[in-house]
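What follows is the content of final-v8.cif, which has mmCIF, C-alpha atoms and all ligand atoms:
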data_final
#
loop_
_atom_site.group_PDB
_atom_site.id
_atom_site.type_symbol
_atom_site.label_atom_id
_atom_site.label_comp_id
_atom_site.auth_asym_id
_atom_site.auth_seq_id
_atom_site.Cartn_x
_atom_site.Cartn_y
_atom_site.Cartn_z
ATOM 1 C CA MET A 1 73.877 35.839 14.029
ATOM 2 C CA ARG A 2 74.312 36.532 17.741
ATOM 3 C CA ILE A 3 72.703 39.656 19.149
ATOM 4 C CA ALA A 4 73.004 41.334 22.535
ATOM 5 C CA VAL A 5 69.645 42.914 23.414
ATOM 6 C CA ILE A 6 69.537 45.762 25.914
ATOM 7 C CA SER A 7 66.637 47.922 27.099
ATOM 8 C CA ASP A 8 65.531 50.542 29.610
ATOM 9 C CA ILE A 9 68.862 52.140 30.447
ATOM 10 C CA HIS A 10 67.282 55.213 32.012
ATOM 11 C CA GLY A 11 70.356 57.373 32.337
ATOM 12 C CA ASN A 12 72.179 54.860 34.546
ATOM 13 C CA LEU A 13 75.677 55.154 33.108
ATOM 14 C CA HIS A 14 77.402 52.791 35.542
ATOM 15 C CA ALA A 15 74.933 50.014 34.752
ATOM 16 C CA LEU A 16 75.332 50.644 31.020
ATOM 17 C CA ASP A 17 79.139 50.617 31.268
ATOM 18 C CA ALA A 18 79.042 47.262 33.077
ATOM 19 C CA VAL A 19 76.672 45.753 30.521
ATOM 20 C CA LEU A 20 78.680 47.019 27.550
ATOM 21 C CA ASP A 21 81.858 45.568 29.102
ATOM 22 C CA SER A 22 80.153 42.216 29.512
ATOM 23 C CA ILE A 23 78.786 42.359 25.954
ATOM 24 C CA ALA A 24 82.282 43.070 24.618
ATOM 25 C CA GLY A 25 83.287 39.708 26.105
ATOM 26 C CA ASP A 26 80.362 38.000 24.350
ATOM 27 C CA ALA A 27 81.500 39.477 21.005
ATOM 28 C CA PRO A 28 78.027 39.472 19.412
ATOM 29 C CA ASP A 29 77.421 40.373 15.760
ATOM 30 C CA ALA A 30 75.056 43.172 16.747
ATOM 31 C CA VAL A 31 73.644 45.111 19.675
ATOM 32 C CA TRP A 32 69.951 46.014 19.660
ATOM 33 C CA CYS A 33 68.432 48.481 22.137
ATOM 34 C CA LEU A 34 64.691 48.544 22.857
ATOM 35 C CA GLY A 35 64.495 52.121 24.124
ATOM 36 C CA ASP A 36 64.135 54.274 27.237
ATOM 37 C CA LEU A 37 67.692 55.555 27.197
ATOM 38 C CA VAL A 38 66.785 58.460 29.481
ATOM 39 C CA GLY A 39 64.378 59.352 32.284
ATOM 40 C CA TYR A 40 64.769 58.465 36.004
ATOM 41 C CA GLY A 41 68.577 58.444 35.882
ATOM 42 C CA PRO A 42 71.318 61.063 36.292
ATOM 43 C CA ARG A 43 73.502 60.584 33.167
ATOM 44 C CA PRO A 44 71.215 60.923 30.124
ATOM 45 C CA ASN A 45 73.711 62.510 27.717
ATOM 46 C CA ARG A 46 76.498 59.982 28.117
ATOM 47 C CA CYS A 47 74.043 57.075 27.937
ATOM 48 C CA CYS A 48 72.652 58.371 24.629
ATOM 49 C CA THR A 49 76.151 58.865 23.237
ATOM 50 C CA LEU A 50 77.272 55.357 24.218
ATOM 51 C CA VAL A 51 74.162 53.685 22.815
ATOM 52 C CA ALA A 52 74.465 55.694 19.594
ATOM 53 C CA GLU A 53 78.037 54.405 19.280
ATOM 54 C CA ARG A 54 77.455 50.798 20.253
ATOM 55 C CA ALA A 55 73.931 49.839 19.181
ATOM 56 C CA ASP A 56 73.255 48.790 15.596
ATOM 57 C CA VAL A 57 69.511 49.244 16.126
ATOM 58 C CA CYS A 58 67.823 51.456 18.707
ATOM 59 C CA LEU A 59 64.155 52.117 19.453
ATOM 60 C CA ILE A 60 62.623 55.061 21.277
ATOM 61 C CA GLY A 61 60.731 54.490 24.544
ATOM 62 C CA ASN A 62 57.953 56.339 26.348
ATOM 63 C CA HIS A 63 60.393 58.142 28.669
ATOM 64 C CA ASP A 64 62.494 59.303 25.711
ATOM 65 C CA LEU A 65 59.311 60.606 24.076
ATOM 66 C CA GLY A 66 58.296 62.334 27.308
ATOM 67 C CA VAL A 67 61.665 64.085 27.547
ATOM 68 C CA LEU A 68 61.370 65.224 23.912
ATOM 69 C CA GLY A 69 57.946 66.707 24.668
ATOM 70 C CA ARG A 70 56.154 64.219 22.422
ATOM 71 C CA LEU A 71 54.184 62.544 25.260
ATOM 72 C CA ASP A 72 52.182 64.333 27.942
ATOM 73 C CA LEU A 73 54.037 64.074 31.260
ATOM 74 C CA ASP A 74 50.665 64.085 33.065
ATOM 75 C CA ASP A 75 50.478 60.414 32.041
ATOM 76 C CA PHE A 76 53.710 59.654 33.960
ATOM 77 C CA SER A 77 54.136 58.966 37.678
ATOM 78 C CA VAL A 78 55.153 61.978 39.758
ATOM 79 C CA ASP A 79 58.806 60.897 40.063
ATOM 80 C CA ALA A 80 59.011 59.900 36.395
ATOM 81 C CA ALA A 81 57.593 63.256 35.320
ATOM 82 C CA ALA A 82 59.998 65.156 37.608
ATOM 83 C CA SER A 83 63.012 63.305 36.228
ATOM 84 C CA ALA A 84 61.786 63.764 32.639
ATOM 85 C CA ARG A 85 61.489 67.532 33.195
ATOM 86 C CA TRP A 86 65.002 67.641 34.642
ATOM 87 C CA THR A 87 66.353 65.530 31.759
ATOM 88 C CA ALA A 88 64.766 67.871 29.217
ATOM 89 C CA THR A 89 66.666 70.798 30.760
ATOM 90 C CA VAL A 90 70.082 69.094 30.569
ATOM 91 C CA LEU A 91 69.763 67.097 27.343
ATOM 92 C CA GLU A 92 72.370 68.274 24.853
ATOM 93 C CA ASP A 93 71.764 68.802 21.128
ATOM 94 C CA GLU A 94 73.459 65.661 19.825
ATOM 95 C CA PRO A 95 71.691 63.206 22.175
ATOM 96 C CA ARG A 96 68.411 65.008 21.483
ATOM 97 C CA ARG A 97 68.882 64.638 17.738
ATOM 98 C CA PHE A 98 69.736 60.962 18.203
ATOM 99 C CA LEU A 99 66.554 60.326 20.211
ATOM 100 C CA GLU A 100 64.483 62.309 17.712
ATOM 101 C CA SER A 101 65.673 60.007 14.910
ATOM 102 C CA LEU A 102 64.303 56.827 16.565
ATOM 103 C CA GLU A 103 61.046 54.851 16.218
ATOM 104 C CA PRO A 104 59.330 52.672 18.862
ATOM 105 C CA GLN A 105 59.322 49.535 16.686
ATOM 106 C CA SER A 106 61.399 47.783 14.062
ATOM 107 C CA VAL A 107 61.856 44.460 12.269
ATOM 108 C CA GLN A 108 65.363 43.003 12.038
ATOM 109 C CA GLU A 109 66.297 39.542 10.740
ATOM 110 C CA ASP A 110 62.618 38.441 10.953
ATOM 111 C CA VAL A 111 62.541 39.443 14.635
ATOM 112 C CA ALA A 112 59.966 42.077 15.642
ATOM 113 C CA LEU A 113 61.215 44.697 18.094
ATOM 114 C CA TYR A 114 58.963 46.910 20.208
ATOM 115 C CA HIS A 115 59.679 49.182 23.120
ATOM 116 C CA ALA A 116 56.464 48.115 24.866
ATOM 117 C CA SER A 117 54.207 45.714 22.930
ATOM 118 C CA ALA A 118 53.121 44.783 19.418
ATOM 119 C CA ARG A 119 49.645 46.196 20.083
ATOM 120 C CA ASP A 120 50.953 49.457 21.510
ATOM 121 C CA PRO A 121 54.696 49.912 20.925
ATOM 122 C CA VAL A 122 54.930 52.846 23.348
ATOM 123 C CA TRP A 123 52.791 52.175 26.437
ATOM 124 C CA GLU A 124 51.449 48.636 26.962
ATOM 125 C CA TYR A 125 53.184 46.390 29.499
ATOM 126 C CA VAL A 126 53.465 42.732 28.458
ATOM 127 C CA LEU A 127 53.312 41.138 31.897
ATOM 128 C CA THR A 128 50.169 39.007 31.682
ATOM 129 C CA PRO A 129 49.089 36.109 29.464
ATOM 130 C CA PHE A 130 46.304 38.345 28.122
ATOM 131 C CA ALA A 131 48.751 41.036 27.019
ATOM 132 C CA ALA A 132 51.130 38.429 25.584
ATOM 133 C CA LEU A 133 48.369 36.855 23.465
ATOM 134 C CA ALA A 134 47.362 40.282 22.178
ATOM 135 C CA SER A 135 50.961 40.915 21.076
ATOM 136 C CA PHE A 136 51.227 37.543 19.353
ATOM 137 C CA ALA A 137 47.980 38.348 17.520
ATOM 138 C CA ALA A 138 49.244 41.783 16.472
ATOM 139 C CA SER A 139 52.505 40.485 14.958
ATOM 140 C CA GLU A 140 53.428 37.844 12.424
ATOM 141 C CA ALA A 141 56.964 37.380 13.711
ATOM 142 C CA ARG A 142 58.002 34.156 15.399
ATOM 143 C CA VAL A 143 60.220 36.002 17.863
ATOM 144 C CA LEU A 144 59.186 39.333 19.382
ATOM 145 C CA LEU A 145 61.389 41.445 21.645
ATOM 146 C CA VAL A 146 59.853 43.884 24.126
ATOM 147 C CA GLY A 147 61.163 46.055 26.933
ATOM 148 C CA HIS A 148 59.267 48.617 29.057
ATOM 149 C CA SER A 149 58.255 46.462 32.053
ATOM 150 C CA HIS A 150 61.855 46.143 33.362
ATOM 151 C CA VAL A 151 61.141 42.462 34.135
ATOM 152 C CA ALA A 152 63.243 39.759 32.475
ATOM 153 C CA LEU A 153 60.786 37.164 31.207
ATOM 154 C CA ALA A 154 59.592 35.096 28.269
ATOM 155 C CA PHE A 155 56.253 33.992 26.888
ATOM 156 C CA GLY A 156 56.190 30.908 24.670
ATOM 157 C CA LEU A 157 53.170 30.166 22.484
ATOM 158 C CA ALA A 158 52.750 26.601 21.225
ATOM 159 C CA ASP A 159 49.780 24.473 20.133
ATOM 160 C CA LYS A 160 49.328 23.369 23.719
ATOM 161 C CA GLY A 161 49.008 26.938 24.946
ATOM 162 C CA LEU A 162 50.899 29.840 26.424
ATOM 163 C CA GLU A 163 53.713 29.421 28.897
ATOM 164 C CA THR A 164 55.204 32.221 31.002
ATOM 165 C CA THR A 165 58.831 31.952 32.076
ATOM 166 C CA ILE A 166 60.274 34.344 34.646
ATOM 167 C CA ALA A 167 63.892 34.583 33.591
ATOM 168 C CA PRO A 168 66.411 35.042 36.396
ATOM 169 C CA ALA A 169 70.160 35.269 35.687
ATOM 170 C CA GLY A 170 71.435 32.313 33.714
ATOM 171 C CA THR A 171 68.067 31.283 32.277
ATOM 172 C CA GLY A 172 68.595 29.631 28.895
ATOM 173 C CA LEU A 173 65.755 29.104 26.431
ATOM 174 C CA ASP A 174 65.671 26.639 23.555
ATOM 175 C CA LEU A 175 63.951 28.523 20.731
ATOM 176 C CA SER A 176 64.026 25.613 18.275
ATOM 177 C CA GLY A 177 60.730 23.948 17.463
ATOM 178 C CA GLU A 178 57.490 25.597 16.441
ATOM 179 C CA SER A 179 56.785 27.857 19.426
ATOM 180 C CA ARG A 180 56.539 31.614 19.032
ATOM 181 C CA TRP A 181 58.272 33.760 21.632
ATOM 182 C CA ILE A 182 58.058 37.136 23.332
ATOM 183 C CA LEU A 183 61.333 37.888 25.108
ATOM 184 C CA ASN A 184 62.007 40.771 27.480
ATOM 185 C CA PRO A 185 65.706 41.208 28.364
ATOM 186 C CA GLY A 186 64.903 43.097 31.578
ATOM 187 C CA SER A 187 66.301 46.535 32.327
ATOM 188 C CA VAL A 188 69.892 47.768 32.258
ATOM 189 C CA GLY A 189 69.364 50.801 34.439
ATOM 190 C CA GLN A 190 66.351 50.174 36.686
ATOM 191 C CA PRO A 191 65.566 46.447 37.126
ATOM 192 C CA ARG A 192 62.188 45.750 38.743
ATOM 193 C CA ASP A 193 62.285 41.984 39.158
ATOM 194 C CA GLY A 194 63.981 41.871 42.536
ATOM 195 C CA ASP A 195 67.504 41.453 41.162
ATOM 196 C CA ALA A 196 69.321 44.786 41.355
ATOM 197 C CA ARG A 197 71.962 43.745 38.818
ATOM 198 C CA ALA A 198 71.828 45.167 35.279
ATOM 199 C CA ALA A 199 70.079 42.860 32.792
ATOM 200 C CA TYR A 200 70.555 41.972 29.147
ATOM 201 C CA LEU A 201 69.813 39.127 26.750
ATOM 202 C CA LEU A 202 71.948 37.194 24.304
ATOM 203 C CA LEU A 203 69.978 35.952 21.314
ATOM 204 C CA ASP A 204 71.501 33.389 18.932
ATOM 205 C CA LEU A 205 69.338 33.304 15.809
ATOM 206 C CA GLU A 206 71.050 30.349 14.095
ATOM 207 C CA GLY A 207 71.590 28.393 17.305
ATOM 208 C CA ARG A 208 68.013 29.299 18.313
ATOM 209 C CA ARG A 209 68.868 30.046 21.894
ATOM 210 C CA ALA A 210 68.316 32.906 24.284
ATOM 211 C CA GLU A 211 70.348 33.502 27.429
ATOM 212 C CA TYR A 212 69.440 35.943 30.174
ATOM 213 C CA ARG A 213 72.414 37.697 31.754
ATOM 214 C CA ARG A 214 72.876 39.868 34.842
ATOM 215 C CA VAL A 215 75.868 42.071 35.626
ATOM 216 C CA GLU A 216 76.937 43.705 38.888
ATOM 217 C CA TYR A 217 77.575 47.437 38.785
ATOM 218 C CA PRO A 218 78.345 50.097 41.420
ATOM 219 C CA VAL A 219 74.751 50.989 42.347
ATOM 220 C CA GLU A 220 75.957 53.469 44.974
ATOM 221 C CA ARG A 221 77.673 55.612 42.336
ATOM 222 C CA THR A 222 74.421 56.037 40.423
ATOM 223 C CA GLN A 223 72.585 56.706 43.685
ATOM 224 C CA GLU A 224 75.096 59.451 44.544
ATOM 225 C CA GLU A 225 74.624 61.064 41.147
ATOM 226 C CA ILE A 226 70.827 60.969 41.541
ATOM 227 C CA ARG A 227 71.134 62.740 44.906
ATOM 228 C CA GLU A 228 73.682 65.289 43.632
ATOM 229 C CA ARG A 229 71.261 66.321 40.901
ATOM 230 C CA GLY A 230 68.334 66.614 43.300
ATOM 231 C CA LEU A 231 66.281 63.931 41.555
ATOM 232 C CA PRO A 232 63.563 62.218 43.663
ATOM 233 C CA GLU A 233 65.064 60.070 46.431
ATOM 234 C CA PRO A 234 62.910 56.975 45.690
ATOM 235 C CA LEU A 235 64.651 56.761 42.307
ATOM 236 C CA ALA A 236 67.941 56.198 44.156
ATOM 237 C CA GLU A 237 66.567 53.834 46.785
ATOM 238 C CA ARG A 238 64.799 51.458 44.393
ATOM 239 C CA LEU A 239 68.026 50.727 42.508
ATOM 240 C CA ALA A 240 69.508 48.890 45.503
ATOM 241 C CA GLN A 241 66.519 46.576 45.688
ATOM 242 C CA GLY A 242 65.790 46.050 42.031
ATOM 243 C CA ILE A 243 62.200 47.250 42.327
HETATM 244 ZN ZN ZN A 301 61.598 51.967 30.966
#

Translate the structure described by the file into structure tokens.
Ligand code: ZN
Amino acid sequence: MRIAVISDIHGNLHALDAVLDSIAGDAPDAVWCLGDLVGYGPRPNRCCTLVAERADVCLIGNHDLGVLGRLDLDDFSVDAAASARWTATVLEDEPRRFLESLEPQSVQEDVALYHASARDPVWEYVLTPFAALASFAASEARVLLVGHSHVALAFGLADKGLETTIAPAGTGLDLSGESRWILNPGSVGQPRDGDARAAYLLLDLEGRRAEYRRVEYPVERTQEEIRERGLPEPLAERLAQGI
């Protein structure tokens, strides 16, 4: 089974369109989404509709929960809270119902999926060896998928210890052997690892391989839409830099 894994779309329709086009060329057996469909970005409704159509599995993320009023926006950054409040005012009934139907974790094909981490599926960033070890301890799965940090990376746990792999475009991982893995595909709609291109991951469960992909998209179109809607300017600027 070959799976395209996407995460952290954040209302960036042009990035999502580019990724879904690229995924169509990969012809995977399934598409899994790790959450944060909305928040920050200008096109929340269309992004929810597209993911509902194309993803076989979808989790809910902290920004989705914030927009639904199920997380306190005081815990968000100022710009994140402002965009969540705006999103809540424009979110249509069908996308809202779709988001309300989702959970922040799932198990599919022996793979554990979390929006954030195994220890805290909603909030914890898995960016350090300490956080990675805590997630391995909190899950029995050999392969764990997480989003939330918007950084494409991998942690491998073997007898000899933990290895962290930053995963730029084209990184391929051999998942055969005894190691356990935490894989983060990176973000479709707001990458923060210095590469502004939209990120996703191809996971081949039988072939035991993971491939990290990046796709160009018209960043300036999303920036224009952010400005037209009066969303905070830093949310537009950061997209060009991938931060
Ligand atoms: Zn996110």

>> Using the chain letters and numbers from this file, what does the PyMOL selection byres (((chain A and resi 210) around 12) and not hetatm) select? Give the answer as a PyMOL selection string.
In response: chain A and resi 2-5+143+145+152-154+167+169-176+181-185+200-209+211-213

Per residue of chain A within 10 Å of ligand ZN 301 (chain A), record the nearest atom pair and its distance in Å to one decimal, counting all atoms listed in the file, with rows in chain order and ascending residue number, as a Markdown table.
| residue | atom | partner | partner_atom | distance |
| --- | --- | --- | --- | --- |
| A:Ser7 | CA | A:ZN301 | ZN | 7.5 |
| A:Asp8 | CA | A:ZN301 | ZN | 4.4 |
| A:Ile9 | CA | A:ZN301 | ZN | 7.3 |
| A:His10 | CA | A:ZN301 | ZN | 6.6 |
| A:Leu34 | CA | A:ZN301 | ZN | 9.3 |
| A:Gly35 | CA | A:ZN301 | ZN | 7.4 |
| A:Asp36 | CA | A:ZN301 | ZN | 5.1 |
| A:Leu37 | CA | A:ZN301 | ZN | 8.0 |
| A:Val38 | CA | A:ZN301 | ZN | 8.4 |
| A:Gly39 | CA | A:ZN301 | ZN | 8.0 |
| A:Tyr40 | CA | A:ZN301 | ZN | 8.8 |
| A:Gly61 | CA | A:ZN301 | ZN | 7.0 |
| A:Asn62 | CA | A:ZN301 | ZN | 7.3 |
| A:His63 | CA | A:ZN301 | ZN | 6.7 |
| A:Asp64 | CA | A:ZN301 | ZN | 9.1 |
| A:Ala80 | CA | A:ZN301 | ZN | 10.0 |
| A:His115 | CA | A:ZN301 | ZN | 8.5 |
| A:Ala116 | CA | A:ZN301 | ZN | 8.9 |
| A:Trp123 | CA | A:ZN301 | ZN | 9.9 |
| A:Gly147 | CA | A:ZN301 | ZN | 7.2 |
| A:His148 | CA | A:ZN301 | ZN | 4.5 |
| A:Ser149 | CA | A:ZN301 | ZN | 6.5 |
| A:His150 | CA | A:ZN301 | ZN | 6.3 |
| A:Gly186 | CA | A:ZN301 | ZN | 9.5 |
| A:Ser187 | CA | A:ZN301 | ZN | 7.3 |
| A:Val188 | CA | A:ZN301 | ZN | 9.4 |
| A:Gly189 | CA | A:ZN301 | ZN | 8.6 |
| A:Gln190 | CA | A:ZN301 | ZN | 7.7 |
| A:Pro191 | CA | A:ZN301 | ZN | 9.2 |
| A:Arg192 | CA | A:ZN301 | ZN | 10.0 |

> Which one of A:Ile166, A:Ala240, A:Ala118, A:Leu231 sits closest to Pro42 in chain A if you count only C-alpha atoms?
Replying inline: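 Using only C-alpha atoms, Pro42 in chain A sits closest to A:Leu231.
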
> So how far away is CA of Cys58 in chain A from CA of Leu102 in chain A, in Å?
Replying inline: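 Computing the Euclidean distance for CA of Leu102 in chain A and CA of Cys58 in chain A yields 6.8 Å.
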
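Comparing the minimum interatomic distances between Ala82 in chain A and each of A:Glu233, A:Asp193, A:Glu220, A:Glu94, counting only C-alpha atoms, we find that A:Glu233 sits nearest.
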
Report the residues retrieved by the PyMOL selection byres (((chain A and resi 134) around 12) and not hetatm) from the displayed file, expressed as a compact mmCIF listing (two decimals) with C-alpha atoms, in the coordinates of the input.
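For reference, part.txt as written:
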# COMPACT_ATOMS: atom_id res chain seq x y z
CA SER A 117 54.21 45.71 22.93
CA ALA A 118 53.12 44.78 19.42
CA ARG A 119 49.64 46.20 20.08
CA ASP A 120 50.95 49.46 21.51
CA GLU A 124 51.45 48.64 26.96
CA TYR A 125 53.18 46.39 29.50
CA VAL A 126 53.46 42.73 28.46
CA LEU A 127 53.31 41.14 31.90
CA THR A 128 50.17 39.01 31.68
CA PRO A 129 49.09 36.11 29.46
CA PHE A 130 46.30 38.34 28.12
CA ALA A 131 48.75 41.04 27.02
CA ALA A 132 51.13 38.43 25.58
CA LEU A 133 48.37 36.85 23.46
CA SER A 135 50.96 40.92 21.08
CA PHE A 136 51.23 37.54 19.35
CA ALA A 137 47.98 38.35 17.52
CA ALA A 138 49.24 41.78 16.47
CA SER A 139 52.50 40.48 14.96
CA GLU A 140 53.43 37.84 12.42
CA PHE A 155 56.25 33.99 26.89
CA LEU A 157 53.17 30.17 22.48
CA LEU A 162 50.90 29.84 26.42
CA ILE A 182 58.06 37.14 23.33

Which residues match the PyMOL selection byres (((chain A and resi 85) around 12) and not hetatm) in the file above, as a CSV table (one decimal) with C-alpha atoms, keeping the file's coordinate frame?
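Generated file (selection_17.csv):
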chain,number,residue,atom,x,y,z
A,38,VAL,CA,66.8,58.5,29.5
A,39,GLY,CA,64.4,59.4,32.3
A,40,TYR,CA,64.8,58.5,36.0
A,41,GLY,CA,68.6,58.4,35.9
A,63,HIS,CA,60.4,58.1,28.7
A,64,ASP,CA,62.5,59.3,25.7
A,65,LEU,CA,59.3,60.6,24.1
A,66,GLY,CA,58.3,62.3,27.3
A,67,VAL,CA,61.7,64.1,27.5
A,68,LEU,CA,61.4,65.2,23.9
A,69,GLY,CA,57.9,66.7,24.7
A,71,LEU,CA,54.2,62.5,25.3
A,72,ASP,CA,52.2,64.3,27.9
A,73,LEU,CA,54.0,64.1,31.3
A,74,ASP,CA,50.7,64.1,33.1
A,76,PHE,CA,53.7,59.7,34.0
A,78,VAL,CA,55.2,62.0,39.8
A,79,ASP,CA,58.8,60.9,40.1
A,80,ALA,CA,59.0,59.9,36.4
A,81,ALA,CA,57.6,63.3,35.3
A,82,ALA,CA,60.0,65.2,37.6
A,83,SER,CA,63.0,63.3,36.2
A,84,ALA,CA,61.8,63.8,32.6
A,86,TRP,CA,65.0,67.6,34.6
A,87,THR,CA,66.4,65.5,31.8
A,88,ALA,CA,64.8,67.9,29.2
A,89,THR,CA,66.7,70.8,30.8
A,90,VAL,CA,70.1,69.1,30.6
A,91,LEU,CA,69.8,67.1,27.3
A,231,LEU,CA,66.3,63.9,41.6
A,232,PRO,CA,63.6,62.2,43.7

Emit as lines of an AutoDock Vina configuration file the padded axis-aligned box for all listed atoms of range 151-154 of chain A, 4 Å per side, with centre and edge lengths in Å to one decimal.
center_x = 61.4
center_y = 38.8
center_z = 31.2
size_x = 11.7
size_y = 15.4
size_z = 13.9

Could you give me, as a Markdown table, a per-residue list for range 97-118 of chain A showing, wherever an atom lies at most 10 Å from an atom of range 25-33 of chain A, the closest pair of atoms and their distance in Å to one decimal, using all atoms listed in the file and sorting by chain then residue number from low to high?
| residue | atom | partner | partner_atom | distance |
| --- | --- | --- | --- | --- |
| A:Gln108 | CA | A:Trp32 | CA | 9.4 |
| A:Leu113 | CA | A:Trp32 | CA | 9.0 |
| A:Tyr114 | CA | A:Cys33 | CA | 9.8 |
| A:His115 | CA | A:Cys33 | CA | 8.8 |

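One finds CA of Ser77 in chain A at 27.1 Å from CA of Ser106 in chain A.
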
> To one decimal place, how far is CA of Glu53 in chain A from CA of Gly230 in chain A in Å?
Replying inline: 28.6 Å

> When distances are computed from only C-alpha atoms, which of A:Val146, A:Leu235, A:Ala141, A:Val215 shows the smallest separation from Ser179 in chain A?
Replying inline: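 Closest candidate: A:Ala141.
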